[in-house]
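S.K.: Input file: model06.cif. Contents: mmCIF, C-alpha atoms.
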data_final
loop_
_atom_site.label_atom_id
_atom_site.label_comp_id
_atom_site.auth_asym_id
_atom_site.auth_seq_id
_atom_site.Cartn_x
_atom_site.Cartn_y
_atom_site.Cartn_z
CA MET A 104 69.43 13.52 7.85
CA GLN A 105 69.18 9.76 7.26
CA LYS A 106 66.94 8.60 4.44
CA ASN A 107 64.48 6.87 6.80
CA GLU A 108 64.03 10.13 8.71
CA LEU A 109 62.89 12.02 5.62
CA PRO A 110 59.19 12.66 4.88
CA VAL A 111 57.02 10.86 2.39
CA VAL A 112 56.13 13.38 -0.31
CA VAL A 113 52.60 13.27 -1.69
CA ILE A 114 51.99 15.06 -5.00
CA GLY A 115 48.52 16.59 -5.13
CA ALA A 116 46.02 17.56 -2.43
CA GLY A 117 43.01 16.06 -4.16
CA PRO A 118 40.83 13.31 -2.66
CA GLN A 119 43.48 10.57 -2.86
CA GLY A 120 46.40 12.83 -1.94
CA LEU A 121 44.60 14.02 1.19
CA ALA A 122 43.65 10.45 2.08
CA ALA A 123 47.28 9.34 1.66
CA ALA A 124 48.40 12.14 3.97
CA ALA A 125 45.75 11.16 6.54
CA HIS A 126 46.94 7.54 6.53
CA LEU A 127 50.56 8.63 6.92
CA VAL A 128 49.68 10.91 9.85
CA ASP A 129 47.63 8.12 11.42
CA ARG A 130 50.65 5.82 11.25
CA GLY A 131 53.00 8.43 12.67
CA GLN A 132 54.86 8.94 9.39
CA ALA A 133 56.32 12.29 8.35
CA VAL A 134 54.49 13.63 5.30
CA LEU A 135 54.62 16.68 3.04
CA VAL A 136 51.94 17.35 0.41
CA PHE A 137 52.57 19.62 -2.58
CA GLU A 138 49.51 21.14 -4.25
CA ALA A 139 49.77 23.23 -7.41
CA GLY A 140 46.48 25.03 -6.71
CA GLU A 141 45.63 27.72 -4.19
CA THR A 142 43.46 25.34 -2.16
CA ALA A 143 43.00 21.64 -1.60
CA ALA A 144 40.94 19.79 -4.21
CA ALA A 145 41.56 22.57 -6.72
CA GLY A 146 40.70 20.23 -9.58
CA VAL A 147 37.41 19.18 -7.98
CA SER A 148 36.51 22.84 -7.55
CA GLU A 149 36.60 23.26 -11.33
CA TRP A 150 33.73 20.81 -11.66
CA GLY A 151 31.97 21.83 -8.47
CA HIS A 152 28.63 22.11 -10.32
CA VAL A 153 28.73 18.43 -11.31
CA ARG A 154 26.94 15.78 -9.25
CA LEU A 155 28.84 12.57 -8.60
CA PHE A 156 27.34 9.14 -9.25
CA SER A 157 28.91 7.79 -6.05
CA GLU A 158 27.09 8.27 -2.75
CA TRP A 159 28.66 9.96 0.27
CA GLY A 160 29.56 6.63 1.84
CA GLU A 161 31.81 5.84 -1.13
CA LEU A 162 33.50 9.25 -1.15
CA VAL A 163 34.95 9.44 2.36
CA ASP A 164 38.11 7.60 3.39
CA ALA A 165 37.61 5.67 6.65
CA VAL A 166 40.86 6.72 8.33
CA ALA A 167 40.38 10.35 7.33
CA ALA A 168 36.87 10.22 8.82
CA ARG A 169 38.24 8.81 12.08
CA LEU A 170 40.81 11.62 12.31
CA LEU A 171 38.12 14.23 11.63
CA GLU A 172 35.57 13.03 14.18
CA PRO A 173 37.24 14.62 17.26
CA THR A 174 36.86 18.03 15.55
CA GLY A 175 33.06 17.69 15.60
CA TRP A 176 32.87 16.74 11.93
CA GLN A 177 30.21 14.20 11.06
CA THR A 178 30.27 11.83 8.11
CA PRO A 179 27.58 12.66 5.54
CA THR A 180 25.66 9.42 5.10
CA THR A 181 23.18 9.72 2.24
CA GLY A 182 22.82 11.40 -1.09
CA TYR A 183 24.96 12.19 -4.12
CA PRO A 184 26.98 15.38 -3.56
CA THR A 185 28.16 17.81 -6.17
CA GLY A 186 31.88 18.48 -6.41
CA ALA A 187 31.40 21.65 -4.39
CA GLN A 188 29.53 19.75 -1.67
CA TRP A 189 32.25 17.10 -1.60
CA ILE A 190 34.77 19.84 -0.91
CA SER A 191 32.79 21.72 1.73
CA GLY A 192 31.49 18.59 3.44
CA TYR A 193 34.69 16.58 3.56
CA LEU A 194 37.78 17.57 1.55
CA ALA A 195 38.18 21.12 2.92
CA PRO A 196 37.78 20.03 6.57
CA LEU A 197 40.33 17.26 5.99
CA ALA A 198 42.79 19.70 4.42
CA ALA A 199 42.34 22.07 7.36
CA LEU A 200 43.07 19.20 9.75
CA LEU A 201 46.27 18.33 7.87
CA GLY A 202 47.27 22.01 8.04
CA GLU A 203 51.03 22.50 7.86
CA HIS A 204 51.56 19.19 6.08
CA ILE A 205 50.26 20.82 2.87
CA ARG A 206 52.09 23.42 0.78
CA TYR A 207 49.84 25.24 -1.68
CA ASP A 208 50.78 27.09 -4.90
CA SER A 209 53.61 24.57 -5.18
CA ARG A 210 53.91 22.58 -8.40
CA VAL A 211 56.18 19.54 -8.57
CA VAL A 212 58.17 19.85 -11.80
CA GLY A 213 60.59 16.96 -11.37
CA VAL A 214 61.30 13.85 -9.30
CA SER A 215 64.60 11.97 -9.31
CA ARG A 216 67.14 10.35 -7.00
CA ARG A 217 69.67 12.53 -5.23
CA GLY A 218 72.79 12.66 -7.43
CA ARG A 219 71.46 9.97 -9.79
CA ASP A 220 69.85 10.48 -13.15
CA ARG A 221 67.83 7.75 -14.85
CA LEU A 222 70.94 5.99 -16.19
CA VAL A 223 72.83 5.44 -12.93
CA ASP A 224 72.51 2.07 -11.20
CA ALA A 225 75.12 2.36 -8.46
CA GLY A 226 73.57 2.96 -5.05
CA ARG A 227 70.36 4.18 -6.61
CA ALA A 228 67.86 2.66 -4.18
CA GLU A 229 69.85 3.89 -1.18
CA GLN A 230 69.59 7.52 -2.28
CA PRO A 231 66.56 9.60 -1.25
CA PHE A 232 64.24 11.07 -3.83
CA THR A 233 64.76 14.70 -4.73
CA VAL A 234 61.53 16.55 -5.50
CA HIS A 235 61.85 19.79 -7.46
CA VAL A 236 59.14 22.38 -6.78
CA GLU A 237 58.16 25.67 -8.41
CA THR A 238 55.91 28.20 -6.64
CA THR A 239 53.44 30.58 -8.21
CA ASP A 240 55.55 33.57 -7.20
CA GLY A 241 58.46 32.32 -9.28
CA GLY A 242 60.41 30.58 -6.54
CA GLU A 243 61.97 27.16 -6.90
CA TYR A 244 63.47 24.69 -4.45
CA ARG A 245 63.87 20.98 -3.85
CA VAL A 246 62.98 18.63 -1.02
CA ASP A 247 64.44 15.21 -0.21
CA ALA A 248 62.01 12.37 0.46
CA ARG A 249 62.24 8.73 1.48
CA ALA A 250 59.23 7.86 -0.71
CA VAL A 251 56.94 9.58 -3.19
CA ILE A 252 53.22 9.01 -3.77
CA ASP A 253 52.03 10.66 -6.98
CA ALA A 254 48.34 11.48 -6.57
CA SER A 255 48.35 14.38 -9.03
CA GLY A 256 45.52 12.96 -11.11
CA THR A 257 44.89 13.62 -14.80
CA TRP A 258 42.61 16.66 -14.64
CA SER A 259 45.26 19.05 -16.00
CA THR A 260 45.79 17.02 -19.19
CA PRO A 261 42.51 16.44 -21.06
CA ASN A 262 42.58 14.60 -24.36
CA PRO A 263 42.10 16.64 -27.54
CA ALA A 264 39.26 16.35 -30.05
CA GLY A 265 41.53 14.89 -32.72
CA ALA A 266 40.73 11.22 -33.30
CA ASP A 267 44.40 10.23 -33.47
CA GLY A 268 45.10 11.49 -29.96
CA LEU A 269 46.68 14.68 -31.26
CA PRO A 270 44.94 18.04 -31.64
CA ALA A 271 42.85 18.23 -34.79
CA ILE A 272 43.94 20.65 -37.50
CA GLY A 273 42.76 24.06 -36.32
CA GLU A 274 41.92 22.87 -32.80
CA LYS A 275 44.47 25.13 -31.13
CA THR A 276 43.26 28.15 -33.10
CA ALA A 277 39.66 27.52 -32.01
CA ALA A 278 40.56 26.61 -28.42
CA ASP A 279 38.70 29.57 -26.90
CA LEU A 280 35.44 28.20 -28.37
CA LEU A 281 35.98 24.68 -27.00
CA ASP A 282 35.41 23.31 -23.49
CA TYR A 283 37.53 20.38 -22.29
CA ARG A 284 35.62 19.98 -19.01
CA ILE A 285 31.90 19.60 -18.32
CA PRO A 286 30.51 23.13 -18.69
CA ASP A 287 28.11 24.60 -16.16
CA TYR A 288 24.89 24.14 -18.07
CA ARG A 289 22.90 25.86 -15.35
CA LYS A 290 23.82 29.02 -17.26
CA ARG A 291 21.18 28.15 -19.81
CA THR A 292 21.19 31.36 -21.82
CA LYS A 293 24.60 30.46 -23.23
CA TYR A 294 23.11 27.32 -24.83
CA GLU A 295 19.42 28.01 -25.40
CA GLY A 296 18.50 28.39 -29.07
CA ARG A 297 22.01 27.45 -30.16
CA HIS A 298 23.82 24.42 -31.51
CA SER A 299 25.99 22.48 -29.09
CA VAL A 300 28.23 19.53 -29.97
CA VAL A 301 29.48 16.97 -27.45
CA VAL A 302 32.47 14.84 -28.51
CA GLY A 303 33.07 11.71 -26.44
CA SER A 304 31.40 8.59 -25.08
CA GLY A 305 32.34 8.38 -21.38
CA HIS A 306 30.48 9.45 -18.26
CA SER A 307 31.46 13.10 -18.69
CA ALA A 308 30.08 13.16 -22.23
CA VAL A 309 26.87 11.40 -21.15
CA THR A 310 26.49 13.94 -18.34
CA ALA A 311 26.86 16.85 -20.76
CA VAL A 312 24.38 15.30 -23.19
CA ILE A 313 21.78 14.91 -20.43
CA ALA A 314 22.18 18.51 -19.30
CA LEU A 315 21.88 19.80 -22.87
CA GLY A 316 18.95 17.47 -23.52
CA ARG A 317 17.06 19.09 -20.65
CA ILE A 318 17.69 22.51 -22.17
CA ALA A 319 16.51 21.26 -25.58
CA ARG A 320 13.35 19.84 -23.99
CA ARG A 321 12.47 23.32 -22.69
CA ASP A 322 13.58 25.17 -25.82
CA PRO A 323 12.90 23.40 -29.15
CA ALA A 324 15.23 25.85 -30.93
CA THR A 325 18.18 24.30 -29.11
CA LYS A 326 20.10 21.75 -31.20
CA VAL A 327 22.37 19.12 -29.64
CA THR A 328 24.70 16.80 -31.56
CA TRP A 329 26.48 13.92 -29.83
CA VAL A 330 29.57 12.70 -31.66
CA LEU A 331 30.99 9.20 -31.18
CA ARG A 332 34.22 8.04 -32.80
CA ARG A 333 33.15 4.43 -32.93
CA GLY A 334 31.02 3.10 -35.73
CA ALA A 335 28.31 1.85 -33.38
CA VAL A 336 26.75 2.96 -30.12
CA GLY A 337 28.02 -0.19 -28.41
CA ASN A 338 28.09 0.12 -24.60
CA THR A 339 27.93 3.92 -24.59
CA PHE A 340 24.73 3.78 -22.54
CA GLY A 341 26.40 1.62 -19.89
CA GLY A 342 24.95 -1.19 -17.83
CA GLY A 343 21.61 0.37 -16.93
CA VAL A 344 19.84 -1.31 -14.02
CA ALA A 345 22.57 -3.99 -13.92
CA ASP A 346 25.07 -1.42 -12.72
CA GLU A 347 25.60 -1.77 -8.97
CA LEU A 348 26.11 1.98 -8.74
CA PRO A 349 22.49 2.94 -9.51
CA ALA A 350 23.20 6.57 -10.34
CA ARG A 351 25.93 5.59 -12.79
CA GLY A 352 23.57 3.17 -14.49
CA GLN A 353 20.87 5.83 -14.60
CA LEU A 354 23.11 8.13 -16.63
CA GLY A 355 22.91 5.84 -19.63
CA ILE A 356 19.20 5.23 -19.19
CA THR A 357 18.48 8.95 -19.15
CA ALA A 358 20.75 9.68 -22.11
CA LYS A 359 19.02 6.98 -24.14
CA GLU A 360 15.63 8.50 -23.33
CA PHE A 361 16.74 11.86 -24.73
CA VAL A 362 18.16 10.25 -27.87
CA ASP A 363 14.98 8.20 -28.39
CA ALA A 364 12.89 11.36 -27.91
CA GLY A 365 14.79 13.10 -30.71
CA LEU A 366 16.26 15.75 -28.42
CA ILE A 367 19.80 14.57 -29.18
CA ASP A 368 21.19 13.86 -32.66
CA MET A 369 23.69 11.00 -32.44
CA VAL A 370 26.48 10.77 -35.02
CA THR A 371 28.66 7.63 -35.03
CA GLY A 372 31.94 6.87 -36.76
CA PHE A 373 32.85 10.57 -36.71
CA ARG A 374 36.58 10.97 -36.08
CA VAL A 375 37.47 14.63 -35.91
CA GLU A 376 40.28 15.61 -38.25
CA GLN A 377 39.76 19.36 -38.59
CA ILE A 378 38.12 22.18 -36.68
CA THR A 379 37.46 25.30 -38.71
CA ARG A 380 36.69 28.58 -37.06
CA ASP A 381 33.86 30.60 -38.59
CA GLY A 382 33.54 33.78 -36.57
CA ASP A 383 32.09 32.78 -33.21
CA GLN A 384 31.24 29.29 -34.45
CA VAL A 385 33.24 26.21 -35.36
CA VAL A 386 32.76 23.47 -37.92
CA LEU A 387 33.96 19.94 -37.16
CA THR A 388 35.06 17.78 -40.10
CA SER A 389 35.75 14.07 -39.86
CA GLU A 390 38.45 11.95 -41.46
CA ASP A 391 35.93 10.69 -44.04
CA GLY A 392 35.06 14.24 -45.12
CA ARG A 393 31.75 14.69 -43.30
CA SER A 394 31.13 18.08 -41.68
CA LEU A 395 28.69 18.96 -38.93
CA ALA A 396 26.54 22.07 -38.94
CA ALA A 397 28.36 25.06 -37.47
CA ALA A 398 28.34 24.89 -33.68
CA ASP A 399 28.14 27.68 -31.13
CA HIS A 400 29.59 25.47 -28.41
CA VAL A 401 31.70 22.31 -28.45
CA ALA A 402 32.39 20.19 -25.37
CA VAL A 403 35.43 17.99 -26.00
CA LEU A 404 34.98 15.25 -23.39
CA THR A 405 37.27 12.56 -24.73
CA GLY A 406 38.93 11.64 -21.46
CA PHE A 407 42.21 12.48 -19.78
CA ARG A 408 45.78 11.29 -19.82
CA PRO A 409 48.53 11.26 -17.16
CA ASP A 410 51.25 13.90 -17.16
CA LEU A 411 54.44 11.85 -16.97
CA SER A 412 56.79 14.64 -18.04
CA PHE A 413 58.06 15.44 -14.54
CA LEU A 414 58.78 11.75 -13.90
CA SER A 415 61.21 11.35 -16.80
CA GLU A 416 64.20 10.59 -14.52
CA LEU A 417 62.44 7.74 -12.73
CA ARG A 418 62.34 4.13 -13.82
CA LEU A 419 58.71 3.27 -14.41
CA GLU A 420 57.04 0.16 -15.78
CA LEU A 421 53.88 1.31 -17.51
CA ASP A 422 51.52 -0.41 -19.90
CA ALA A 423 52.21 0.56 -23.50
CA THR A 424 48.53 1.23 -24.19
CA LEU A 425 47.11 2.81 -21.05
CA GLN A 426 50.23 4.38 -19.47
CA ALA A 427 49.11 2.75 -16.23
CA PRO A 428 51.16 0.47 -13.92
CA ILE A 429 51.61 -2.70 -15.90
CA ARG A 430 50.23 -5.07 -13.23
CA ILE A 431 46.77 -3.46 -13.24
CA ALA A 432 46.46 -2.67 -16.95
CA ALA A 433 44.57 -5.79 -18.03
CA GLU A 434 41.97 -5.24 -15.30
CA ILE A 435 41.14 -1.70 -16.32
CA ASP A 436 41.69 -1.71 -20.11
CA PRO A 437 38.40 -0.58 -21.73
CA ASN A 438 39.31 -2.68 -24.78
CA LEU A 439 39.24 -5.84 -22.65
CA HIS A 440 37.03 -5.20 -19.64
CA SER A 441 34.11 -7.57 -19.27
CA CYS A 442 31.20 -8.16 -16.93
CA GLY A 443 31.82 -7.71 -13.23
CA SER A 444 33.95 -5.28 -11.32
CA VAL A 445 37.65 -4.73 -11.68
CA ALA A 446 39.78 -5.95 -8.80
CA ALA A 447 40.94 -3.62 -6.04
CA THR A 448 44.59 -2.63 -6.42
CA GLY A 449 47.20 -2.30 -3.70
CA ALA A 450 50.87 -1.63 -3.11
CA ARG A 451 52.09 -4.80 -4.81
CA ASP A 452 50.15 -3.98 -7.99
CA LEU A 453 51.30 -0.36 -8.02
CA ALA A 454 54.98 -0.91 -7.18
CA GLN A 455 57.50 0.36 -9.72
CA PRO A 456 61.10 -0.58 -10.58
CA GLU A 457 61.90 2.67 -8.74
CA PRO A 458 61.53 1.47 -5.11
CA ASP A 459 59.16 3.47 -2.87
CA PHE A 460 57.55 5.38 -5.74
CA TYR A 461 53.83 4.86 -6.35
CA LEU A 462 51.22 6.20 -8.74
CA VAL A 463 47.79 6.27 -7.05
CA GLY A 464 44.37 7.68 -7.76
CA ALA A 465 43.14 8.54 -11.24
CA LYS A 466 46.73 8.79 -12.48
CA SER A 467 47.29 5.12 -11.67
CA TYR A 468 44.60 4.27 -14.25
CA GLY A 469 46.49 6.13 -16.98
CA ARG A 470 44.08 6.71 -19.84
CA ALA A 471 41.46 4.26 -18.58
CA PRO A 472 38.17 6.02 -17.70
CA THR A 473 36.85 3.66 -15.02
CA PHE A 474 38.40 5.04 -11.82
CA LEU A 475 36.31 5.40 -8.64
CA ALA A 476 37.19 7.34 -5.48
CA MET A 477 36.83 4.20 -3.36
CA THR A 478 39.47 2.52 -5.54
CA GLY A 479 41.92 5.28 -4.69
CA TYR A 480 41.22 5.07 -0.97
CA GLU A 481 42.02 1.35 -1.01
CA GLN A 482 45.19 2.07 -2.96
CA VAL A 483 46.53 4.62 -0.48
CA ARG A 484 45.58 2.43 2.49
CA SER A 485 47.70 -0.39 1.07
CA VAL A 486 50.59 1.81 -0.12
CA VAL A 487 50.92 3.63 3.20
CA ALA A 488 50.79 0.33 5.09
CA GLU A 489 53.65 -0.93 2.93
CA LEU A 490 55.72 2.21 3.51
CA ALA A 491 55.09 1.89 7.25
CA GLY A 492 56.35 -1.69 7.21
CA ASP A 493 52.96 -3.30 7.80
CA HIS A 494 53.23 -5.78 4.97
CA GLU A 495 50.31 -7.90 6.12
CA ALA A 496 47.93 -4.93 5.95
CA ALA A 497 49.41 -3.88 2.62
CA ALA A 498 48.66 -7.29 1.12
CA ARG A 499 45.12 -7.45 2.51
CA VAL A 500 42.21 -6.47 0.25
CA GLU A 501 39.55 -4.42 2.03
CA LEU A 502 37.40 -3.38 -0.91
CA GLN A 503 34.89 -5.11 -3.17
CA LEU A 504 34.22 -2.89 -6.17
CA PRO A 505 30.68 -2.66 -7.60
CA ASP A 506 29.72 -4.41 -10.81
CA THR A 507 29.49 -2.11 -13.83
CA GLY A 508 26.80 -4.18 -15.50
CA VAL A 509 28.70 -3.88 -18.79
CA CYS A 510 29.69 -6.98 -20.78
CA GLY A 511 32.50 -7.13 -23.29
CA GLY A 512 35.08 -4.56 -24.19
CA ALA A 513 34.64 -1.44 -26.24
CA GLY A 514 33.56 -3.42 -29.26
CA LEU A 515 34.81 -3.33 -32.82
CA PHE A 516 36.00 0.19 -33.48
CA ASP A 517 34.94 0.16 -37.11
CA SER A 518 31.66 -1.70 -36.69
CA THR A 519 28.59 0.01 -38.08
CA GLY A 520 25.01 0.28 -36.94
CA THR A 521 23.31 2.12 -34.14
CA GLY A 522 21.86 -0.67 -32.03
CA ILE A 523 22.64 -0.75 -28.35
CA GLY A 524 24.98 -3.58 -27.46
CA GLY A 525 27.45 -4.58 -24.83
CA SER A 526 25.28 -4.41 -21.74
CA CYS A 527 24.54 -7.35 -19.47
CA CYS A 528 20.88 -6.64 -19.69
CA ALA A 529 18.78 -4.55 -22.02
CA LEU A 530 17.92 -1.04 -20.94
CA PRO A 531 14.33 -0.69 -19.77
CA GLU A 532 11.78 1.31 -21.66
CA LYS A 533 11.21 3.79 -18.83
CA GLN A 534 12.88 4.63 -15.54
CA LEU A 535 12.52 7.39 -13.02
CA ILE A 536 15.33 9.84 -13.73
CA GLN A 537 17.89 9.96 -10.92
CA ILE A 538 20.71 12.47 -11.19
CA GLY A 539 24.04 10.66 -10.98
CA ARG A 540 27.69 11.66 -11.48
CA ALA A 541 27.21 14.25 -13.32
CA PRO A 542 24.08 15.59 -14.64
CA ALA A 543 24.58 19.16 -13.62
CA SER A 544 21.42 20.70 -12.25
CA VAL A 545 19.82 22.70 -15.07
#
Would you give me this structure, written as structure tokens?
M.R.:
Amino acid sequence: MQKNELPVVVIGAGPQGLAAAAHLVDRGQAVLVFEAGETAAAGVSEWGHVRLFSEWGELVDAVAARLLEPTGWQTPTTGYPTGAQWISGYLAPLAALLGEHIRYDSRVVGVSRRGRDRLVDAGRAEQPFTVHVETTDGGEYRVDARAVIDASGTWSTPNPAGADGLPAIGEKTAADLLDYRIPDYRKRTKYEGRHSVVVGSGHSAVTAVIALGRIARRDPATKVTWVLRRGAVGNTFGGGVADELPARGQLGITAKEFVDAGLIDMVTGFRVEQITRDGDQVVLTSEDGRSLAAADHVAVLTGFRPDLSFLSELRLELDATLQAPIRIAAEIDPNLHSCGSVAATGARDLAQPEPDFYLVGAKSYGRAPTFLAMTGYEQVRSVVAELAGDHEAAARVELQLPDTGVCGGAGLFDSTGTGIGGSCCALPEKQLIQIGRAPASV
């Protein structure tokens, strides 16, 4: 079979992987999707209890919606779905439509060029990709592809609690007492009257803090400690009412209300060095020797990182800090990002030295925490257009991202103080609480 007759392989049947497949089908391109889980959107299903801060209109790819409409499916138009509702209302129907294009229980464990390892230059671009796959029943095989779109995300590789990016001393031993995803706080009895610690400063951490704050409001015996590595609160509370995604802005407003009400104890400049197991509790100790009170539950919500291990034989050009495609790194770097939205990214921005290989979706942002579903849909639209030879469409920008309302970067890491800074406008004294991306319903 000639290279141009081979399928495009998409890694991952999550939101962006399914959208990529839909665009390829719409353009008459052969496509094969490999999904490590038993079902589509397996990663989303693990946080099905969490409510997104994006509305339905921002969570559905336009081409996928057009393909679904003849089946009787109707686009949800209003509201903020949970992960489970996102699956049932859109992702599962799309996966069913794509049908035989998707292979489940199939994990991609390696991508290379046929007969060429990373070192070989001769005829490299002319050779098809070879995609090595392992199945859950122990089988293994490989598939040739003319192009590869890696939409595998970062969900499977959460960051550890250790402040240096490596597991803290004792973290692996205490792993069964730690959660690296947003727990389902609707199961209140597990947290009521106990001490919970949340480590992290992103949207997931804010979501967990809000859910625990609601439990503490009902049960005064519940203790919640929120741990930040940075010496000051900085822009942890986000852009507030200046955020053009209202539910995202509301997360910070609500979290601040709980902190101000004394329902959440905030600890800054705490960089976890050691986690000591004490029966069914754990004690977190920082690099400066401080220790927290023993905790019954610790949510380690310090972000995610891309798994690049199965791409070791490909030639990639990634930013040294973020592990994201180098052309988009400055736009998404939380150390540099300033007021306004980041720019939409397309095929030209995502292209690699390895021709016809693209990182899309959350994985394209590397370790940056600012990815939105609508960003990924624009990425796959552009990438698929490029692979289909429609260079004009690939170069066109069809997305204006919303303003975050946050000014400045992450701030000075070692600065001290607890004042709120880094937002384009001050947070208001009071706001009606609106559940956004994540406060789980509790």
S.K.: Tell me which of A:Thr260, A:Ala402, A:Gly241, A:Ala496 sits closest to Val312 (chain A), counting all atoms listed in the file.
M.R.: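 Closest to Val312 (chain A) of all the choices is A:Ala402.
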S.K.: Around the point (45.0, -2.7, -16.2) (coordinates from the file), which residues reach within 10 Å if we count all atoms listed in the file? Answer as a ChimeraX atom specification.
M.R.: /A:421-422,424-437,439-440,445-446,448,452,467-469,471
S.K.: Taking only C-alpha atoms into account, which of A:Trp159, A:Arg451, A:Ala491, A:Gly382 comes nearest Gln177 (chain A)?
M.R.: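 Using only C-alpha atoms, the shortest distance to Gln177 (chain A) belongs to A:Trp159.
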S.K.: Using the chain letters and numbers from the file, which residues does the PyMOL selection byres ((chain A and resi 209-224) around 9) grab, as a VMD selection string?
M.R.: chain A and resid 114 to 115 137 to 141 206 to 208 225 to 228 230 to 239 243 247 251 412 to 418
S.K.: Using all atoms listed in the file for the distances, tell me which of A:Ile378, A:Ile313, A:Leu197, A:Ala488 is nearest to Gly265 (chain A).
M.R.: A:Ile378
S.K.: Just want the 10 Å neighbourhood of Pro286 (chain A), counted on only C-alpha atoms, with same-chain residues fewer than 4 positions away dropped. Output as a list in words.
M.R.: Glu149, Trp150, His152, Val153, Asp282, Lys290, Ala311, Ala314, Val401, Ala402 and Ala543 of chain A
S.K.: Only C-alpha atoms, please: the residues just picked out, written as a PDB file, in the frame of the given file.
M.R.:
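And here's part.pdb as it stands now:
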ATOM      1  CA  GLU A 149      36.600  23.260 -11.330  1.00  0.00           C
ATOM      2  CA  TRP A 150      33.730  20.810 -11.660  1.00  0.00           C
ATOM      3  CA  HIS A 152      28.630  22.110 -10.320  1.00  0.00           C
ATOM      4  CA  VAL A 153      28.730  18.430 -11.310  1.00  0.00           C
ATOM      5  CA  ASP A 282      35.410  23.310 -23.490  1.00  0.00           C
ATOM      6  CA  LYS A 290      23.820  29.020 -17.260  1.00  0.00           C
ATOM      7  CA  ALA A 311      26.860  16.850 -20.760  1.00  0.00           C
ATOM      8  CA  ALA A 314      22.180  18.510 -19.300  1.00  0.00           C
ATOM      9  CA  VAL A 401      31.700  22.310 -28.450  1.00  0.00           C
ATOM     10  CA  ALA A 402      32.390  20.190 -25.370  1.00  0.00           C
ATOM     11  CA  ALA A 543      24.580  19.160 -13.620  1.00  0.00           C
TER      12      ALA A 543
END
S.K.: Could you list, as a PyMOL selection string, every residue matched by the PyMOL selection byres ((chain A and resi 403) around 12) in this structure?
M.R.: chain A and resi 261-266+270-271+274+278+280-286+299-305+307-309+311-312+329-331+375+378+387+400-402+404-407
S.K.: Pull out every residue that the PyMOL selection byres ((chain A and resi 126) around 8) matches in the shown coordinates and put them as a list in words.
M.R.: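 Applied to this file, the PyMOL selection byres ((chain A and resi 126) around 8) returns Ala122, Ala123, Ala124, Ala125, Leu127, Val128, Asp129, Arg130, Val166, Ala167, Val483, Arg484 and Val487 of chain A.
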S.K.: Convert the current residue selection to file output with C-alpha atoms, as an mmCIF file, keeping the file's coordinate frame.
M.R.:
data_model
loop_
_atom_site.group_PDB
_atom_site.id
_atom_site.type_symbol
_atom_site.label_atom_id
_atom_site.label_comp_id
_atom_site.auth_asym_id
_atom_site.auth_seq_id
_atom_site.Cartn_x
_atom_site.Cartn_y
_atom_site.Cartn_z
ATOM 1 C CA ALA A 122 43.650 10.450 2.080
ATOM 2 C CA ALA A 123 47.280 9.340 1.660
ATOM 3 C CA ALA A 124 48.400 12.140 3.970
ATOM 4 C CA ALA A 125 45.750 11.160 6.540
ATOM 5 C CA LEU A 127 50.560 8.630 6.920
ATOM 6 C CA VAL A 128 49.680 10.910 9.850
ATOM 7 C CA ASP A 129 47.630 8.120 11.420
ATOM 8 C CA ARG A 130 50.650 5.820 11.250
ATOM 9 C CA VAL A 166 40.860 6.720 8.330
ATOM 10 C CA ALA A 167 40.380 10.350 7.330
ATOM 11 C CA VAL A 483 46.530 4.620 -0.480
ATOM 12 C CA ARG A 484 45.580 2.430 2.490
ATOM 13 C CA VAL A 487 50.920 3.630 3.200
#
S.K.: Restricting the calculation to only C-alpha atoms, which member of A:Arg289, A:Arg499, A:Arg408, A:His204 is positioned closest to Gly256 (chain A)?
M.R.: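 Smallest separation from Gly256 (chain A) among the options: A:Arg408.
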S.K.: Determine the nearest neighbour of Ile318 (chain A) from the options A:Val370, A:Arg291, A:Arg297, A:Ser157, counting all atoms listed in the file.
M.R.: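 Of all the options, A:Arg291 lies closest to Ile318 (chain A).
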S.K.: Find the residues near Lys466 (chain A): any atom within 7 Å, counting all atoms listed in the file, skip ones fewer than 3 places away on the same chain, and give them as an MDAnalysis selection string.
M.R.: chainID A and resid 254:257 409 462:463 469
S.K.: In Å, rounded to a single decimal, give me how far CA of Ala116 (chain A) is from CA of Leu200 (chain A).
M.R.: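 The value is 12.6 Å.
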S.K.: Interatomic distance between CA of Pro323 (chain A) and CA of Gly296 (chain A)?
M.R.: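 CA of Gly296 (chain A) lies 7.5 Å from CA of Pro323 (chain A).
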S.K.: Report, in Å to a single decimal, how far apart CA of Phe373 (chain A) and CA of Ser394 (chain A) are.
M.R.: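 CA of Ser394 (chain A) sits 9.2 Å away from CA of Phe373 (chain A).
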S.K.: Just want the 8 Å neighbourhood of Leu490 (chain A), counted on all atoms listed in the file, with same-chain residues fewer than 3 positions away dropped. Output as a ChimeraX atom specification.
M.R.: /A:250,459,486-487,493
S.K.: Counting all atoms listed in the file, which of A:Ala248, A:Val134, A:Ile190, A:Leu170 gets nearest to Asn107 (chain A)?
M.R.: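 For Asn107 (chain A), the nearest of the candidates is A:Ala248.
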S.K.: Leaving out Tyr480 (chain A) and any residue of its chain fewer than 4 positions from it, which residues lie within 9 Å of it when counting only C-alpha atoms, given as a PyMOL selection string?
M.R.: chain A and resi 118-119+122-123+162-165+464+476+484-485
S.K.: Please produce a file of those selected residues containing C-alpha atoms, as a compact mmCIF listing (two decimals), keeping the file's coordinate frame.
M.R.:
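Full text of part-v1.txt as output:
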# COMPACT_ATOMS: atom_id res chain seq x y z
CA PRO A 118 40.83 13.31 -2.66
CA GLN A 119 43.48 10.57 -2.86
CA ALA A 122 43.65 10.45 2.08
CA ALA A 123 47.28 9.34 1.66
CA LEU A 162 33.50 9.25 -1.15
CA VAL A 163 34.95 9.44 2.36
CA ASP A 164 38.11 7.60 3.39
CA ALA A 165 37.61 5.67 6.65
CA GLY A 464 44.37 7.68 -7.76
CA ALA A 476 37.19 7.34 -5.48
CA ARG A 484 45.58 2.43 2.49
CA SER A 485 47.70 -0.39 1.07
